[in-house]
file upload30.pdb (PDB, C-alpha atoms)
ATOM      1  CA  MET A 707      20.698  -7.482  17.820
ATOM      2  CA  LYS A 708      17.137  -7.522  19.144
ATOM      3  CA  GLU A 709      14.608  -9.977  17.748
ATOM      4  CA  VAL A 710      11.003  -8.805  17.537
ATOM      5  CA  ASP A 711       7.728 -10.665  17.091
ATOM      6  CA  PHE A 712       5.440  -9.327  14.369
ATOM      7  CA  SER A 713       2.622 -11.778  15.095
ATOM      8  CA  ALA A 714       0.408  -9.189  16.837
ATOM      9  CA  LEU A 715       0.441  -7.098  13.669
ATOM     10  CA  SER A 716      -0.156 -10.097  11.427
ATOM     11  CA  GLU A 717      -3.152 -11.168  13.503
ATOM     12  CA  VAL A 718      -4.982  -7.909  12.776
ATOM     13  CA  GLY A 719      -4.144  -8.064   9.086
ATOM     14  CA  LEU A 720      -0.930  -6.014   8.980
ATOM     15  CA  ASN A 721       0.726  -9.141   7.692
ATOM     16  CA  LEU A 722       3.539  -7.691   5.567
ATOM     17  CA  GLN A 723       6.632  -6.388   7.336
ATOM     18  CA  ALA A 724      10.143  -5.526   6.169
ATOM     19  CA  VAL A 725      13.020  -4.021   8.160
ATOM     20  CA  PHE A 726      15.673  -1.906   6.425
ATOM     21  CA  ASP A 727      18.838  -0.270   7.690
ATOM     22  CA  LEU A 728      18.432   3.378   6.769
ATOM     23  CA  ALA A 729      22.095   3.516   5.784
ATOM     24  CA  THR A 730      21.429   1.070   2.944
ATOM     25  CA  LEU A 731      18.632   3.116   1.340
ATOM     26  CA  PRO A 732      19.295   5.440  -1.601
ATOM     27  CA  ASP A 733      20.703   8.736  -0.381
ATOM     28  CA  ALA A 734      17.809  10.904  -1.541
ATOM     29  CA  MET A 735      15.254   8.594   0.059
ATOM     30  CA  ARG A 736      17.174   8.428   3.328
ATOM     31  CA  HIS A 737      17.579  12.199   3.580
ATOM     32  CA  GLN A 738      13.917  12.773   2.816
ATOM     33  CA  LEU A 739      12.753  10.307   5.458
ATOM     34  CA  ASP A 740      15.254  11.157   8.182
ATOM     35  CA  PRO A 741      16.896  14.513   7.420
ATOM     36  CA  ASP A 742      18.323  14.866  10.940
ATOM     37  CA  CYS A 743      19.754  11.327  11.020
ATOM     38  CA  ARG A 744      17.929  10.503  14.252
ATOM     39  CA  TYR A 745      17.115   6.878  13.452
ATOM     40  CA  ARG A 746      18.936   3.760  12.352
ATOM     41  CA  GLN A 747      16.215   1.631  10.781
ATOM     42  CA  LEU A 748      12.948   1.705   8.883
ATOM     43  CA  ILE A 749      10.052  -0.731   9.186
ATOM     44  CA  LEU A 750       7.708  -0.997   6.200
ATOM     45  CA  ILE A 751       4.312  -2.442   7.126
ATOM     46  CA  GLY A 752       1.589  -3.498   4.740
ATOM     47  CA  HIS A 753      -1.445  -5.686   4.480
ATOM     48  CA  GLY A 754      -2.473  -8.419   2.073
ATOM     49  CA  GLY A 755      -5.981  -9.775   1.643
ATOM     50  CA  ARG A 756      -9.162  -9.035   3.577
ATOM     51  CA  THR A 757      -8.191  -9.506   7.248
ATOM     52  CA  LEU A 758      -7.249  -5.891   7.942
ATOM     53  CA  TRP A 759     -10.540  -4.571   6.571
ATOM     54  CA  GLU A 760     -12.491  -7.100   8.627
ATOM     55  CA  ASN A 761     -10.742  -5.855  11.773
ATOM     56  CA  VAL A 762     -11.330  -2.213  10.849
ATOM     57  CA  LEU A 763     -15.048  -2.928  10.458
ATOM     58  CA  ALA A 764     -15.130  -4.811  13.757
ATOM     59  CA  ALA A 765     -13.539  -1.807  15.511
ATOM     60  CA  GLY A 766     -16.442   0.381  14.385
ATOM     61  CA  LEU A 767     -14.257   3.390  13.725
ATOM     62  CA  GLN A 768     -16.002   6.553  12.573
ATOM     63  CA  ALA A 769     -12.910   8.463  11.443
ATOM     64  CA  GLU A 770     -12.573   9.935   7.971
ATOM     65  CA  HIS A 771      -9.724   7.496   7.310
ATOM     66  CA  PRO A 772     -10.555   4.447   9.455
ATOM     67  CA  ILE A 773      -7.880   2.164   7.985
ATOM     68  CA  ASP A 774      -5.165   4.715   8.797
ATOM     69  CA  GLU A 775      -6.515   5.243  12.314
ATOM     70  CA  PHE A 776      -6.684   1.512  12.972
ATOM     71  CA  THR A 777      -3.183   0.996  11.567
ATOM     72  CA  VAL A 778      -1.563   3.734  13.644
ATOM     73  CA  THR A 779      -3.209   2.455  16.822
ATOM     74  CA  ALA A 780      -2.094  -1.112  16.128
ATOM     75  CA  VAL A 781       1.457  -0.072  15.241
ATOM     76  CA  GLU A 782       1.826   2.128  18.328
ATOM     77  CA  ALA A 783       0.640  -0.747  20.539
ATOM     78  CA  TRP A 784       3.100  -3.097  18.832
ATOM     79  CA  LEU A 785       5.975  -0.646  19.304
ATOM     80  CA  MET A 786       5.140  -0.251  22.986
ATOM     81  CA  ALA A 787       5.119  -4.020  23.463
ATOM     82  CA  GLN A 788       8.108  -4.937  21.319
ATOM     83  CA  LEU A 789      10.361  -1.868  21.479
ATOM     84  CA  PRO A 790       9.555  -0.083  24.745
ATOM     85  CA  GLY A 791      11.528   3.095  25.226
ATOM     86  CA  VAL A 792      12.963   3.024  21.698
ATOM     87  CA  ALA A 793      12.715   6.325  19.843
ATOM     88  CA  HIS A 794      10.432   6.050  16.829
ATOM     89  CA  ALA A 795       8.421   8.081  14.354
ATOM     90  CA  ILE A 796       5.521   6.998  12.173
ATOM     91  CA  VAL A 797       6.129   8.929   8.955
ATOM     92  CA  TYR A 798       3.304   7.238   7.043
ATOM     93  CA  PRO A 799       0.387   7.711   7.426
ATOM     94  CA  GLY A 800       1.301  11.357   7.702
ATOM     95  CA  ASP A 801       1.629  14.649   5.892
ATOM     96  CA  GLY A 802       5.106  14.132   4.466
ATOM     97  CA  ALA A 803       5.902  12.583   1.095
ATOM     98  CA  VAL A 804       6.944   8.925   1.356
ATOM     99  CA  GLY A 805       7.947   6.837  -1.655
ATOM    100  CA  LEU A 806       5.866   3.784  -0.791
ATOM    101  CA  GLN A 807       6.208   2.066  -4.149
ATOM    102  CA  ALA A 808       9.969   2.625  -4.159
ATOM    103  CA  LEU A 809      10.223   1.060  -0.703
ATOM    104  CA  GLY A 810       7.993  -1.789  -1.860
ATOM    105  CA  LYS A 811      10.312  -2.469  -4.783
ATOM    106  CA  LEU A 812      13.302  -2.515  -2.431
ATOM    107  CA  ALA A 813      11.419  -5.062  -0.299
ATOM    108  CA  GLY A 814      10.560  -7.108  -3.389
ATOM    109  CA  TRP A 815       6.826  -6.702  -2.787
ATOM    110  CA  HIS A 816       5.965  -4.376  -5.639
ATOM    111  CA  HIS A 817       5.892  -5.010  -9.386
ATOM    112  CA  ASP A 818       4.270  -2.557 -11.787
ATOM    113  CA  SER A 819       1.087  -3.672 -13.509
ATOM    114  CA  PRO A 820      -0.678  -2.375 -16.633
ATOM    115  CA  PHE A 821      -3.408  -0.854 -14.434
ATOM    116  CA  ARG A 822      -0.832   0.929 -12.268
ATOM    117  CA  VAL A 823      -1.531  -0.813  -8.977
ATOM    118  CA  GLY A 824       1.315  -2.867  -7.555
ATOM    119  CA  VAL A 825       1.092  -6.622  -8.004
ATOM    120  CA  ASN A 826       3.037  -9.534  -6.551
ATOM    121  CA  ALA A 827       2.965 -13.306  -6.753
ATOM    122  CA  ASP A 828       1.594 -13.839  -3.221
ATOM    123  CA  TRP A 829      -1.257 -11.328  -3.093
ATOM    124  CA  GLY A 830      -1.845 -10.203  -6.661
ATOM    125  CA  SER A 831      -2.875  -6.546  -6.473
ATOM    126  CA  TRP A 832      -4.784  -7.106  -3.228
ATOM    127  CA  PHE A 833      -2.200  -5.626  -0.896
ATOM    128  CA  ALA A 834      -1.260  -2.119   0.216
ATOM    129  CA  TYR A 835       1.318  -0.144   2.151
ATOM    130  CA  ARG A 836      -0.040   0.868   5.537
ATOM    131  CA  ALA A 837       2.786   2.281   7.665
ATOM    132  CA  VAL A 838       6.376   3.441   7.509
ATOM    133  CA  VAL A 839       8.091   3.621  10.885
ATOM    134  CA  LEU A 840      11.538   4.962  11.702
ATOM    135  CA  VAL A 841      13.159   3.405  14.765
ATOM    136  CA  ASP A 842      16.415   3.955  16.607
ATOM    137  CA  ALA A 843      16.979   0.236  16.918
ATOM    138  CA  GLN A 844      19.128  -2.563  15.599
ATOM    139  CA  LEU A 845      16.766  -5.277  14.390
ATOM    140  CA  PRO A 846      17.533  -8.102  11.977
ATOM    141  CA  THR A 847      16.929  -6.807   8.466
ATOM    142  CA  THR A 848      14.545  -8.559   6.102
ATOM    143  CA  PRO A 849      15.967 -10.232   2.980
ATOM    144  CA  ARG A 850      14.526  -8.865  -0.239
ATOM    145  CA  LYS A 851      11.748 -11.036  -1.629
ATOM    146  CA  THR A 852      12.872 -12.383  -4.991
ATOM    147  CA  GLY A 853      10.857 -13.305  -8.065
ATOM    148  CA  GLU A 854       9.721 -11.694 -11.276
ATOM    149  CA  SER A 855       6.493  -9.861 -11.889
ATOM    150  CA  PRO A 856       3.480 -12.140 -12.443
ATOM    151  CA  CYS A 857       2.550  -9.860 -15.348
ATOM    152  CA  LEU A 858       5.492 -11.180 -17.371
ATOM    153  CA  SER A 859       3.934 -14.627 -17.630
ATOM    154  CA  CYS A 860       0.298 -13.532 -17.781
ATOM    155  CA  ALA A 861      -1.418 -15.000 -20.830
ATOM    156  CA  GLY A 862      -3.608 -12.568 -22.695
ATOM    157  CA  GLN A 863      -3.455  -9.761 -20.118
ATOM    158  CA  PRO A 864      -7.215  -9.755 -19.384
ATOM    159  CA  CYS A 865      -6.861  -6.528 -17.402
ATOM    160  CA  VAL A 866      -5.983  -4.693 -20.617
ATOM    161  CA  SER A 867      -8.969  -5.919 -22.615
ATOM    162  CA  ALA A 868     -11.352  -5.483 -19.643
ATOM    163  CA  CYS A 869     -10.600  -1.780 -19.111
ATOM    164  CA  PRO A 870     -13.763   0.063 -20.253
ATOM    165  CA  ALA A 871     -11.818   3.308 -20.668
ATOM    166  CA  ASP A 872      -9.355   1.697 -23.098
ATOM    167  CA  ALA A 873      -6.704   3.284 -20.893
ATOM    168  CA  LEU A 874      -4.302   0.326 -21.044
ATOM    169  CA  ALA A 875      -4.389  -0.516 -24.738
ATOM    170  CA  ALA A 876      -1.752   1.934 -25.962
ATOM    171  CA  ALA A 877       1.987   1.719 -25.418
ATOM    172  CA  GLY A 878       1.553   3.008 -21.874
ATOM    173  CA  PHE A 879      -1.112   3.708 -19.305
ATOM    174  CA  SER A 880      -3.278   6.702 -20.235
ATOM    175  CA  LEU A 881      -4.033   8.635 -17.070
ATOM    176  CA  GLN A 882      -6.191  11.072 -19.018
ATOM    177  CA  LYS A 883      -8.468   8.305 -20.366
ATOM    178  CA  CYS A 884      -8.722   6.706 -16.922
ATOM    179  CA  ILE A 885      -9.705   9.942 -15.179
ATOM    180  CA  ALA A 886     -12.085  11.049 -17.916
ATOM    181  CA  TYR A 887     -13.928   7.730 -17.781
ATOM    182  CA  ARG A 888     -14.126   7.646 -13.989
ATOM    183  CA  ARG A 889     -15.723  11.107 -14.012
ATOM    184  CA  GLN A 890     -18.606   9.929 -16.195
ATOM    185  CA  ALA A 891     -21.889   9.523 -14.326
ATOM    186  CA  ASP A 892     -22.438   6.033 -15.745
ATOM    187  CA  SER A 893     -18.822   4.913 -15.361
ATOM    188  CA  ARG A 894     -18.288   1.300 -14.316
ATOM    189  CA  CYS A 895     -15.114   2.451 -12.549
ATOM    190  CA  ARG A 896     -16.424   5.169 -10.270
ATOM    191  CA  VAL A 897     -15.921   3.059  -7.135
ATOM    192  CA  THR A 898     -13.909   0.158  -8.515
ATOM    193  CA  CYS A 899     -11.374  -0.671 -11.221
ATOM    194  CA  VAL A 900     -12.705  -3.147 -13.778
ATOM    195  CA  ALA A 901      -9.198  -3.858 -15.063
ATOM    196  CA  ARG A 902      -7.963  -4.688 -11.581
ATOM    197  CA  THR A 903     -10.868  -6.960 -10.737
ATOM    198  CA  ASN A 904     -10.164  -8.890 -13.940
ATOM    199  CA  CYS A 905      -6.529  -9.518 -13.008
ATOM    200  CA  PRO A 906      -6.075 -13.305 -12.717
ATOM    201  CA  VAL A 907      -3.292 -13.148 -10.106
ATOM    202  CA  ARG A 908      -4.401 -14.417  -6.684
ATOM    203  CA  PRO A 909      -8.133 -13.680  -7.025
ATOM    204  CA  GLU A 910      -8.764 -15.546  -3.752
ATOM    205  CA  HIS A 911      -7.384 -12.492  -1.914
ATOM    206  CA  ARG A 912      -9.698 -10.013  -3.648
ATOM    207  CA  TYR A 913     -11.073  -7.332  -1.341
ATOM    208  CA  ASP A 914     -14.806  -7.440  -0.729
ATOM    209  CA  ASP A 915     -16.940  -4.891  -2.576
ATOM    210  CA  ALA A 916     -17.226  -2.594   0.440
ATOM    211  CA  GLN A 917     -13.461  -2.277   0.817
ATOM    212  CA  ILE A 918     -12.991  -1.680  -2.904
ATOM    213  CA  ALA A 919     -15.706   0.982  -2.863
ATOM    214  CA  HIS A 920     -14.160   2.637   0.207
ATOM    215  CA  SER A 921     -10.746   2.990  -1.452
ATOM    216  CA  TYR A 922     -11.988   4.049  -4.862
ATOM    217  CA  SER A 923     -14.476   6.533  -3.420
ATOM    218  CA  ARG A 924     -11.527   8.298  -1.830
ATOM    219  CA  SER A 925      -9.596   8.422  -5.076
ATOM    220  CA  LEU A 926     -12.710   9.570  -6.961
ATOM    221  CA  ALA A 927     -13.102  12.461  -4.527
ATOM    222  CA  MET A 928      -9.501  13.453  -5.240
ATOM    223  CA  ILE A 929     -10.187  13.348  -8.969
ATOM    224  CA  GLU A 930     -13.332  15.423  -8.743
ATOM    225  CA  LYS A 931     -11.717  17.960  -6.427
ATOM    226  CA  PRO A 932      -8.063  18.176  -7.546
ATOM    227  CA  ARG A 933      -5.474  18.833  -4.887
ATOM    228  CA  PRO A 934      -1.913  20.225  -5.103
ATOM    229  CA  ALA A 935      -0.482  16.687  -5.009
ATOM    230  CA  GLY A 936      -1.618  16.314  -8.629
ATOM    231  CA  PRO A 937      -3.856  13.873 -10.489
ATOM    232  CA  ALA A 938      -1.476  10.914 -10.768
ATOM    233  CA  ARG A 939      -2.048   9.862  -7.178
ATOM    234  CA  ALA A 940      -5.786  10.284  -7.593
ATOM    235  CA  ALA A 941      -5.982   7.779 -10.414
ATOM    236  CA  MET A 942      -4.499   5.007  -8.327
ATOM    237  CA  THR A 943      -5.668   3.420  -5.129
ATOM    238  CA  ASN A 944      -4.990   0.415  -2.967
TER     239      ASN A 944
END

call {"tool": "encode", "arguments": {"input": "upload30.pdb", "output": "C-alpha cells"}}
result
Amino acid sequence: MKEVDFSALSEVGLNLQAVFDLATLPDAMRHQLDPDCRYRQLILIGHGGRTLWENVLAAGLQAEHPIDEFTVTAVEAWLMAQLPGVAHAIVYPGDGAVGLQALGKLAGWHHDSPFRVGVNADWGSWFAYRAVVLVDAQLPTTPRKTGESPCLSCAGQPCVSACPADALAAAGFSLQKCIAYRRQADSRCRVTCVARTNCPVRPEHRYDDAQIAHSYSRSLAMIEKPRPAGPARAAMTN
C-alpha cells in the first residue's frame, strides 16, 4: 500500500483530504462517479480558512473561476509528483453531478446548519469542497472524522435571528424567502450571507470580504439568471 504526502496541497490551502475505497461507497454514488469501474479509490480535497484564497490572489489568475483553475493545477501537479503514471480523473470541478455534501458527510466533515452551508467543529462554515479525484491506486484510507454538529450545542442560534430575510425562523429553511430577499436591490445578502457571518463557530477562520463577495456574486448570478440545475444550488455557496 503506497503512502502519499499531502503537504504540498496543504501548503497552498487545500488542507482537507480524505481517501475512500470506491467499493465502500453507496452503490448509487459509486456507479455515478465511476460507471465503467476504472478506478479503485476516490480522493476528496477541500480547503478550510483563508490560505487558499490568498494563494489564488497571489497567482493573479484571470479565469472566470480562478479558485477552480488554481485547484486543478495544484492537484494535477500533486498527482504527477505523488502518483506518477497512475490513472486518474478529476471529476470535480467538472460538468458531471457530484454529491459533494454526501461525500463530506461520509468523511465526517459536513454537518447541516440552519443557513444551509456545511459546518464543522474545526472550521465552522469556512470550508469548501474543491476537488474529487478518482485514482487507480491503493492508498491508505482516511478514518471518518467523528463528532457531533456544533449546531447541536449552539446557544441561542444567532444565525437564525440575524437572517434579515427571516428565512431560518420557521420549521425549516425557506429557500423562497432567501432568494426573494437576495434579489432585492437593497438586500444585505446580495454578496454575503448575514446569517453565516453571525455563526459563532470558528470565526477566526472567516473568509475575508473579497472572498465572500466572490462566492456570493457567483450564486447571485445563478439566482438572477436561473439555470437548468435549479434554484437550490443557487441559494447556497461556499

call {"tool": "closest_residue", "arguments": {"input": "upload30.pdb", "among": "A:Glu854, A:Gln890, A:Phe821, A:Thr848", "to": "Ala873 of chain A", "atoms": "only C-alpha atoms"}}
result
A:Phe821

call {"tool": "residues_around", "arguments": {"input": "upload30.pdb", "residues": "Gln723 of chain A", "least_positions_apart": "2", "cutoff": "8 Å", "atoms": "all atoms listed in the file", "output": "list in words"}}
result
Phe712, Leu720, Asn721, Val725, Ile749, Leu750, Ile751 and Gly752 of chain A

call {"tool": "write_last_selection", "arguments": {"input": "upload30.pdb", "atoms": "C-alpha atoms", "output": "PDB file, in the coordinates of the input"}}
result
ATOM      1  CA  PHE A 712       5.440  -9.327  14.369  1.00  0.00           C
ATOM      2  CA  LEU A 720      -0.930  -6.014   8.980  1.00  0.00           C
ATOM      3  CA  ASN A 721       0.726  -9.141   7.692  1.00  0.00           C
ATOM      4  CA  VAL A 725      13.020  -4.021   8.160  1.00  0.00           C
ATOM      5  CA  ILE A 749      10.052  -0.731   9.186  1.00  0.00           C
ATOM      6  CA  LEU A 750       7.708  -0.997   6.200  1.00  0.00           C
ATOM      7  CA  ILE A 751       4.312  -2.442   7.126  1.00  0.00           C
ATOM      8  CA  GLY A 752       1.589  -3.498   4.740  1.00  0.00           C
TER       9      GLY A 752
END

call {"tool": "closest_atom_pairs", "arguments": {"input": "upload30.pdb", "of": "segment 764-784 of chain A", "to": "segment 793-817 of chain A", "cutoff": "12 Å", "atoms": "all atoms listed in the file", "output": "Markdown table"}}
result
| residue | atom | partner | partner_atom | distance |
| --- | --- | --- | --- | --- |
| A:His771 | CA | A:Pro799 | CA | 10.1 |
| A:Pro772 | CA | A:Pro799 | CA | 11.6 |
| A:Ile773 | CA | A:Pro799 | CA | 10.0 |
| A:Asp774 | CA | A:Pro799 | CA | 6.5 |
| A:Glu775 | CA | A:Pro799 | CA | 8.8 |
| A:Phe776 | CA | A:Pro799 | CA | 10.9 |
| A:Thr777 | CA | A:Pro799 | CA | 8.7 |
| A:Val778 | CA | A:Pro799 | CA | 7.6 |
| A:Thr779 | CA | A:Ile796 | CA | 10.9 |
| A:Ala780 | CA | A:Ile796 | CA | 11.8 |
| A:Val781 | CA | A:Ile796 | CA | 8.7 |
| A:Glu782 | CA | A:Ile796 | CA | 8.7 |
| A:Trp784 | CA | A:His794 | CA | 11.9 |

call {"tool": "write_last_selection", "arguments": {"input": "upload30.pdb", "atoms": "C-alpha atoms", "output": "PDB file, keeping the file's coordinate frame"}}
result
ATOM      1  CA  HIS A 771      -9.724   7.496   7.310  1.00  0.00           C
ATOM      2  CA  PRO A 772     -10.555   4.447   9.455  1.00  0.00           C
ATOM      3  CA  ILE A 773      -7.880   2.164   7.985  1.00  0.00           C
ATOM      4  CA  ASP A 774      -5.165   4.715   8.797  1.00  0.00           C
ATOM      5  CA  GLU A 775      -6.515   5.243  12.314  1.00  0.00           C
ATOM      6  CA  PHE A 776      -6.684   1.512  12.972  1.00  0.00           C
ATOM      7  CA  THR A 777      -3.183   0.996  11.567  1.00  0.00           C
ATOM      8  CA  VAL A 778      -1.563   3.734  13.644  1.00  0.00           C
ATOM      9  CA  THR A 779      -3.209   2.455  16.822  1.00  0.00           C
ATOM     10  CA  ALA A 780      -2.094  -1.112  16.128  1.00  0.00           C
ATOM     11  CA  VAL A 781       1.457  -0.072  15.241  1.00  0.00           C
ATOM     12  CA  GLU A 782       1.826   2.128  18.328  1.00  0.00           C
ATOM     13  CA  TRP A 784       3.100  -3.097  18.832  1.00  0.00           C
TER      14      TRP A 784
END

call {"tool": "closest_residue", "arguments": {"input": "upload30.pdb", "among": "A:Pro790, A:Gly878, A:Pro870, A:Gly830", "to": "Asp842 of chain A", "atoms": "only C-alpha atoms"}}
result
A:Pro790

call {"tool": "atom_distance", "arguments": {"input": "upload30.pdb", "atom1": "atom CA of Arg889 of chain A", "atom2": "atom CA of Tyr922 of chain A"}}
result
12.1 Å

call {"tool": "residues_around", "arguments": {"input": "upload30.pdb", "residues": "segment 894-900 of chain A", "least_positions_apart": "3", "cutoff": "8 Å", "atoms": "all atoms listed in the file", "output": "list in words"}}
result
Cys865, Ala868, Cys869, Pro870, Tyr887, Arg888, Arg889, Gln890, Thr903, Asn904, Ile918, Ala919, His920, Ser921, Tyr922, Ser923 and Leu926 of chain A

call {"tool": "atom_distance", "arguments": {"input": "upload30.pdb", "atom1": "atom CA of Pro820 of chain A", "atom2": "atom CA of Asp872 of chain A"}}
result
11.6 Å

call {"tool": "resolve_selection", "arguments": {"input": "upload30.pdb", "expression": "the PyMOL selection byres ((chain A and resi 736) around 12)", "output": "count of residues only"}}
result
27

call {"tool": "closest_residue", "arguments": {"input": "upload30.pdb", "among": "A:Lys883, A:Arg902, A:Pro846, A:Pro856", "to": "Met707 of chain A", "atoms": "all atoms listed in the file"}}
result
A:Pro846

call {"tool": "residues_near_point", "arguments": {"input": "upload30.pdb", "point": "(-3.2, -7.1, -5.3)", "cutoff": "8 Å", "atoms": "all atoms listed in the file", "output": "list of chain:residue names"}}
result
A:Gly754, A:Gly755, A:Val823, A:Gly824, A:Val825, A:Asn826, A:Trp829, A:Gly830, A:Ser831, A:Trp832, A:Phe833, A:Ala834, A:Val907, A:Arg908, A:His911, A:Arg912

call {"tool": "closest_residue", "arguments": {"input": "upload30.pdb", "among": "A:Val839, A:Arg924, A:Asp711, A:Cys905", "to": "Gly862 of chain A", "atoms": "all atoms listed in the file"}}
result
A:Cys905
